[in-house]
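Structure data (PDB, C-alpha atoms) from target_31.pdb:
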ATOM      1  CA  GLN A   1     162.646 -26.005-168.096
ATOM      2  CA  VAL A   2     160.193 -23.241-168.939
ATOM      3  CA  ARG A   3     159.390 -20.847-166.145
ATOM      4  CA  LEU A   4     157.225 -17.734-165.898
ATOM      5  CA  GLN A   5     157.834 -15.550-162.861
ATOM      6  CA  GLU A   6     155.548 -12.663-161.971
ATOM      7  CA  SER A   7     156.608  -9.701-159.842
ATOM      8  CA  GLY A   8     155.451  -6.205-158.963
ATOM      9  CA  GLY A   9     152.349  -6.985-156.959
ATOM     10  CA  GLY A  10     151.559  -5.282-153.675
ATOM     11  CA  LEU A  11     149.162  -3.071-151.755
ATOM     12  CA  VAL A  12     147.921   0.133-153.367
ATOM     13  CA  GLN A  13     145.131   2.602-152.683
ATOM     14  CA  ALA A  14     142.199   2.947-155.027
ATOM     15  CA  GLY A  15     143.076   5.217-157.927
ATOM     16  CA  GLY A  16     146.722   4.207-157.785
ATOM     17  CA  SER A  17     148.888   2.318-160.239
ATOM     18  CA  LEU A  18     151.023  -0.805-160.332
ATOM     19  CA  ARG A  19     153.160  -2.404-162.999
ATOM     20  CA  LEU A  20     153.452  -6.160-163.051
ATOM     21  CA  SER A  21     156.267  -7.981-164.829
ATOM     22  CA  CYS A  22     156.473 -11.557-166.022
ATOM     23  CA  ASP A  23     159.983 -12.818-166.708
ATOM     24  CA  ALA A  24     160.160 -15.898-168.908
ATOM     25  CA  SER A  25     163.038 -18.339-168.939
ATOM     26  CA  GLY A  26     163.792 -21.690-170.500
ATOM     27  CA  ARG A  27     162.770 -20.610-174.001
ATOM     28  CA  THR A  28     161.976 -17.470-175.909
ATOM     29  CA  PHE A  29     158.378 -16.299-176.286
ATOM     30  CA  SER A  30     158.918 -13.462-178.735
ATOM     31  CA  ALA A  31     156.779 -15.269-181.331
ATOM     32  CA  ASN A  32     154.071 -16.425-178.926
ATOM     33  CA  VAL A  33     150.838 -15.071-177.557
ATOM     34  CA  MET A  34     151.133 -14.113-173.894
ATOM     35  CA  GLY A  35     148.478 -12.996-171.489
ATOM     36  CA  TRP A  36     147.435 -12.036-167.978
ATOM     37  CA  PHE A  37     144.716 -13.609-165.862
ATOM     38  CA  ARG A  38     143.531 -12.975-162.331
ATOM     39  CA  GLN A  39     141.682 -14.830-159.614
ATOM     40  CA  SER A  40     139.912 -13.403-156.580
ATOM     41  CA  PRO A  41     138.948 -15.522-153.539
ATOM     42  CA  GLY A  42     135.854 -17.555-154.271
ATOM     43  CA  LYS A  43     135.855 -16.649-157.942
ATOM     44  CA  LEU A  44     136.955 -18.353-161.117
ATOM     45  CA  ARG A  45     140.154 -17.297-162.845
ATOM     46  CA  GLU A  46     139.367 -14.658-165.457
ATOM     47  CA  SER A  47     141.169 -13.086-168.350
ATOM     48  CA  VAL A  48     142.650  -9.607-167.996
ATOM     49  CA  GLY A  49     144.456  -9.029-171.276
ATOM     50  CA  ALA A  50     146.768 -10.532-173.834
ATOM     51  CA  VAL A  51     149.165  -9.549-176.595
ATOM     52  CA  GLY A  52     149.931 -11.318-179.830
ATOM     53  CA  TRP A  53     153.379 -12.104-181.110
ATOM     54  CA  SER A  54     155.329  -9.037-182.127
ATOM     55  CA  GLY A  55     152.772  -7.008-180.156
ATOM     56  CA  THR A  56     150.473  -6.846-183.181
ATOM     57  CA  ILE A  57     147.235  -7.680-181.429
ATOM     58  CA  ALA A  58     146.034  -6.860-177.944
ATOM     59  CA  TYR A  59     142.977  -8.080-176.098
ATOM     60  CA  TYR A  60     141.419  -6.673-172.943
ATOM     61  CA  ALA A  61     138.585  -7.802-170.753
ATOM     62  CA  ASP A  62     135.768  -5.253-170.548
ATOM     63  CA  ALA A  63     136.391  -4.722-166.827
ATOM     64  CA  VAL A  64     139.884  -3.334-167.442
ATOM     65  CA  LYS A  65     139.613  -1.598-170.820
ATOM     66  CA  GLY A  66     141.019   1.907-170.693
ATOM     67  CA  ARG A  67     142.795   1.262-167.368
ATOM     68  CA  PHE A  68     145.181  -1.652-168.011
ATOM     69  CA  THR A  69     147.818  -2.014-170.724
ATOM     70  CA  VAL A  70     149.589  -5.205-171.741
ATOM     71  CA  SER A  71     152.969  -4.876-173.403
ATOM     72  CA  ARG A  72     156.028  -6.973-174.058
ATOM     73  CA  ALA A  73     159.774  -6.516-174.297
ATOM     74  CA  ASP A  74     160.879  -9.384-176.466
ATOM     75  CA  ALA A  75     164.554  -8.616-176.048
ATOM     76  CA  LYS A  76     164.094  -9.257-172.336
ATOM     77  CA  ASN A  77     161.592 -12.114-172.778
ATOM     78  CA  THR A  78     159.319 -10.157-170.458
ATOM     79  CA  LEU A  79     155.610  -9.388-170.381
ATOM     80  CA  TYR A  80     154.177  -6.377-168.563
ATOM     81  CA  LEU A  81     150.828  -5.310-167.188
ATOM     82  CA  GLN A  82     150.459  -1.608-166.439
ATOM     83  CA  MET A  83     147.471  -1.090-164.165
ATOM     84  CA  ASP A  84     146.136   2.422-163.658
ATOM     85  CA  ASP A  85     143.121   3.783-161.806
ATOM     86  CA  LEU A  86     142.985   0.639-159.723
ATOM     87  CA  LYS A  87     139.752  -0.286-157.965
ATOM     88  CA  PRO A  88     139.105  -2.529-154.948
ATOM     89  CA  GLU A  89     137.490  -5.054-157.290
ATOM     90  CA  ASP A  90     140.853  -5.453-159.037
ATOM     91  CA  THR A  91     142.144  -7.194-155.917
ATOM     92  CA  ALA A  92     143.293 -10.663-156.980
ATOM     93  CA  VAL A  93     146.228 -12.909-157.634
ATOM     94  CA  TYR A  94     147.527 -12.081-161.097
ATOM     95  CA  TYR A  95     149.014 -14.773-163.325
ATOM     96  CA  CYS A  96     150.891 -14.541-166.587
ATOM     97  CA  ALA A  97     150.567 -17.221-169.231
ATOM     98  CA  ALA A  98     152.121 -18.147-172.566
ATOM     99  CA  ASP A  99     151.062 -20.136-175.597
ATOM    100  CA  ARG A 100     153.596 -22.812-176.587
ATOM    101  CA  ASN A 101     152.800 -22.438-180.298
ATOM    102  CA  PRO A 102     154.714 -19.697-182.136
ATOM    103  CA  ARG A 103     153.184 -17.255-184.614
ATOM    104  CA  ARG A 104     149.582 -18.151-183.873
ATOM    105  CA  THR A 105     146.818 -15.632-184.504
ATOM    106  CA  TYR A 106     143.510 -16.285-182.814
ATOM    107  CA  THR A 107     140.035 -14.846-182.845
ATOM    108  CA  GLU A 108     139.509 -12.288-180.109
ATOM    109  CA  SER A 109     137.635 -14.717-177.876
ATOM    110  CA  HIS A 110     140.544 -17.173-177.844
ATOM    111  CA  TYR A 111     142.908 -14.650-176.279
ATOM    112  CA  GLY A 112     140.770 -14.683-173.162
ATOM    113  CA  ARG A 113     140.516 -18.457-172.828
ATOM    114  CA  GLN A 114     142.716 -20.314-170.373
ATOM    115  CA  GLY A 115     142.940 -23.243-172.787
ATOM    116  CA  THR A 116     144.867 -21.097-175.258
ATOM    117  CA  TYR A 117     147.844 -21.041-172.886
ATOM    118  CA  ASP A 118     150.231 -23.822-171.964
ATOM    119  CA  TYR A 119     152.613 -22.220-169.486
ATOM    120  CA  TRP A 120     151.616 -20.424-166.293
ATOM    121  CA  GLY A 121     153.364 -18.490-163.567
ATOM    122  CA  GLN A 122     152.782 -18.872-159.839
ATOM    123  CA  GLY A 123     151.018 -15.548-159.491
ATOM    124  CA  THR A 124     151.526 -12.266-157.652
ATOM    125  CA  GLN A 125     149.054 -10.719-155.198
ATOM    126  CA  VAL A 126     147.545  -7.308-155.921
ATOM    127  CA  THR A 127     145.476  -5.712-153.176
ATOM    128  CA  VAL A 128     143.626  -2.446-153.730
ATOM    129  CA  SER A 129     142.330  -0.681-150.638
ATOM    130  CA  SER A 130     139.355   1.667-150.696
TER     131      SER A 130
END

What's the structure tokens form of this structure?
Amino acid sequence: QVRLQESGGGLVQAGGSLRLSCDASGRTFSANVMGWFRQSPGKLRESVGAVGWSGTIAYYADAVKGRFTVSRADAKNTLYLQMDDLKPEDTAVYYCAADRNPRRTYTESHYGRQGTYDYWGQGTQVTVSS
């Protein structure tokens, strides 16, 4: 059974940093696109960033460019999201996601689409205080 488990969320002051992890189990995702999404109360789930297989391509939403970094450790089957210079508007539940199809390369817009991904974690809460 495939499972994605996020961790590392919490409460942080504006300007601070957090590092989220997403541990995958049940299969390896080293050859698959993986990404991060977030959802704030009353808002639709939105893309944060994604990384292609072998870390060759990365995508970031405009709202987080220059502040967030997506990376992967394939040997650990783990995806990371380093978040720096956090702002109150970054407060949300953060979800990791994975594409079931190996070695796929998409256009940039596809990395930010929920439909690109087949597996989802349960989410971890990030709260940024002002």

Test item: the PyMOL selection byres ((chain A and resi 22) around 6) resolved as a PDB file with C-alpha atoms, keeping the file's coordinate frame:
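Writing the result to out_11.pdb gives the following:
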ATOM      1  CA  GLN A   5     157.834 -15.550-162.861  1.00  0.00           C
ATOM      2  CA  GLU A   6     155.548 -12.663-161.971  1.00  0.00           C
ATOM      3  CA  SER A  21     156.267  -7.981-164.829  1.00  0.00           C
ATOM      4  CA  ASP A  23     159.983 -12.818-166.708  1.00  0.00           C
ATOM      5  CA  THR A  78     159.319 -10.157-170.458  1.00  0.00           C
ATOM      6  CA  LEU A  79     155.610  -9.388-170.381  1.00  0.00           C
TER       7      LEU A  79
END

| request: Excluding Ser17 in chain A and residues on its chain fewer than 6 positions from it, collect all residues at most 10 Å away from it, counting all atoms listed in the file, and give them as an MDAnalysis selection string. | output: chainID A and resid 67:68 82:87 128

| field | Near-Gly10 in chain A list (8 Å; only C-alpha atoms; drop same-chain fewer than 2 positions) as a ChimeraX atom specification | value | /A:8,12,125-127

| Explicit residue set for the PyMOL selection byres ((chain A and resi 111-121) around 12), as a ChimeraX atom specification | /A:1-7,21-27,29,32-38,44-53,57-62,79,93-102,104-110,122-124

Got time to write the residues from that selection, C-alpha atoms, as an mmCIF file, in the coordinates of the input?
data_model
loop_
_atom_site.group_PDB
_atom_site.id
_atom_site.type_symbol
_atom_site.label_atom_id
_atom_site.label_comp_id
_atom_site.auth_asym_id
_atom_site.auth_seq_id
_atom_site.Cartn_x
_atom_site.Cartn_y
_atom_site.Cartn_z
ATOM 1 C CA GLN A 1 162.646 -26.005 -168.096
ATOM 2 C CA VAL A 2 160.193 -23.241 -168.939
ATOM 3 C CA ARG A 3 159.390 -20.847 -166.145
ATOM 4 C CA LEU A 4 157.225 -17.734 -165.898
ATOM 5 C CA GLN A 5 157.834 -15.550 -162.861
ATOM 6 C CA GLU A 6 155.548 -12.663 -161.971
ATOM 7 C CA SER A 7 156.608 -9.701 -159.842
ATOM 8 C CA SER A 21 156.267 -7.981 -164.829
ATOM 9 C CA CYS A 22 156.473 -11.557 -166.022
ATOM 10 C CA ASP A 23 159.983 -12.818 -166.708
ATOM 11 C CA ALA A 24 160.160 -15.898 -168.908
ATOM 12 C CA SER A 25 163.038 -18.339 -168.939
ATOM 13 C CA GLY A 26 163.792 -21.690 -170.500
ATOM 14 C CA ARG A 27 162.770 -20.610 -174.001
ATOM 15 C CA PHE A 29 158.378 -16.299 -176.286
ATOM 16 C CA ASN A 32 154.071 -16.425 -178.926
ATOM 17 C CA VAL A 33 150.838 -15.071 -177.557
ATOM 18 C CA MET A 34 151.133 -14.113 -173.894
ATOM 19 C CA GLY A 35 148.478 -12.996 -171.489
ATOM 20 C CA TRP A 36 147.435 -12.036 -167.978
ATOM 21 C CA PHE A 37 144.716 -13.609 -165.862
ATOM 22 C CA ARG A 38 143.531 -12.975 -162.331
ATOM 23 C CA LEU A 44 136.955 -18.353 -161.117
ATOM 24 C CA ARG A 45 140.154 -17.297 -162.845
ATOM 25 C CA GLU A 46 139.367 -14.658 -165.457
ATOM 26 C CA SER A 47 141.169 -13.086 -168.350
ATOM 27 C CA VAL A 48 142.650 -9.607 -167.996
ATOM 28 C CA GLY A 49 144.456 -9.029 -171.276
ATOM 29 C CA ALA A 50 146.768 -10.532 -173.834
ATOM 30 C CA VAL A 51 149.165 -9.549 -176.595
ATOM 31 C CA GLY A 52 149.931 -11.318 -179.830
ATOM 32 C CA TRP A 53 153.379 -12.104 -181.110
ATOM 33 C CA ILE A 57 147.235 -7.680 -181.429
ATOM 34 C CA ALA A 58 146.034 -6.860 -177.944
ATOM 35 C CA TYR A 59 142.977 -8.080 -176.098
ATOM 36 C CA TYR A 60 141.419 -6.673 -172.943
ATOM 37 C CA ALA A 61 138.585 -7.802 -170.753
ATOM 38 C CA ASP A 62 135.768 -5.253 -170.548
ATOM 39 C CA LEU A 79 155.610 -9.388 -170.381
ATOM 40 C CA VAL A 93 146.228 -12.909 -157.634
ATOM 41 C CA TYR A 94 147.527 -12.081 -161.097
ATOM 42 C CA TYR A 95 149.014 -14.773 -163.325
ATOM 43 C CA CYS A 96 150.891 -14.541 -166.587
ATOM 44 C CA ALA A 97 150.567 -17.221 -169.231
ATOM 45 C CA ALA A 98 152.121 -18.147 -172.566
ATOM 46 C CA ASP A 99 151.062 -20.136 -175.597
ATOM 47 C CA ARG A 100 153.596 -22.812 -176.587
ATOM 48 C CA ASN A 101 152.800 -22.438 -180.298
ATOM 49 C CA PRO A 102 154.714 -19.697 -182.136
ATOM 50 C CA ARG A 104 149.582 -18.151 -183.873
ATOM 51 C CA THR A 105 146.818 -15.632 -184.504
ATOM 52 C CA TYR A 106 143.510 -16.285 -182.814
ATOM 53 C CA THR A 107 140.035 -14.846 -182.845
ATOM 54 C CA GLU A 108 139.509 -12.288 -180.109
ATOM 55 C CA SER A 109 137.635 -14.717 -177.876
ATOM 56 C CA HIS A 110 140.544 -17.173 -177.844
ATOM 57 C CA GLN A 122 152.782 -18.872 -159.839
ATOM 58 C CA GLY A 123 151.018 -15.548 -159.491
ATOM 59 C CA THR A 124 151.526 -12.266 -157.652
#

| note | re CA of Leu11 in chain A and CA of Asp90 in chain A: distance 11.3 Å

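Interatomic distance, CA of Arg103 in chain A against CA of Leu81 in chain A: 21.3 Å.
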
Axis-aligned box for range 7-13 of chain A, 8 Å per side, centre and edges in Å as JSON:
{"center_x": 150.9, "center_y": -3.5, "center_z": -155.8, "size_x": 27.5, "size_y": 28.3, "size_z": 24.1}

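Within 7 Å of Ser130 in chain A, once all atoms listed in the file are used and residues closer than 5 positions along the same chain are dropped, the contacting residues are Gln13, Ala14 and Pro88 of chain A.
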
| said: Just want the 7 Å neighbourhood of Ser30 in chain A, counted on all atoms listed in the file, with same-chain residues fewer than 3 positions away dropped. Output as number ranges by chain. | reply: A: 53-54, 74, 77

Just C-alpha atoms for this one: save the residues we selected as a CSV table (one decimal), in the coordinates of the input.
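result-v9.csv, freshly written:
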chain,number,residue,atom,x,y,z
A,53,TRP,CA,153.4,-12.1,-181.1
A,54,SER,CA,155.3,-9.0,-182.1
A,74,ASP,CA,160.9,-9.4,-176.5
A,77,ASN,CA,161.6,-12.1,-172.8

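With CA of Ser40 in chain A on one side and CA of Thr91 in chain A on the other, the separation reads 6.6 Å.
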
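Using all atoms listed in the file for every distance, the candidate list A:Ala63, A:Thr28, A:Gly42, A:Thr56 yields A:Thr28 as the residue closest to Ala75 in chain A.
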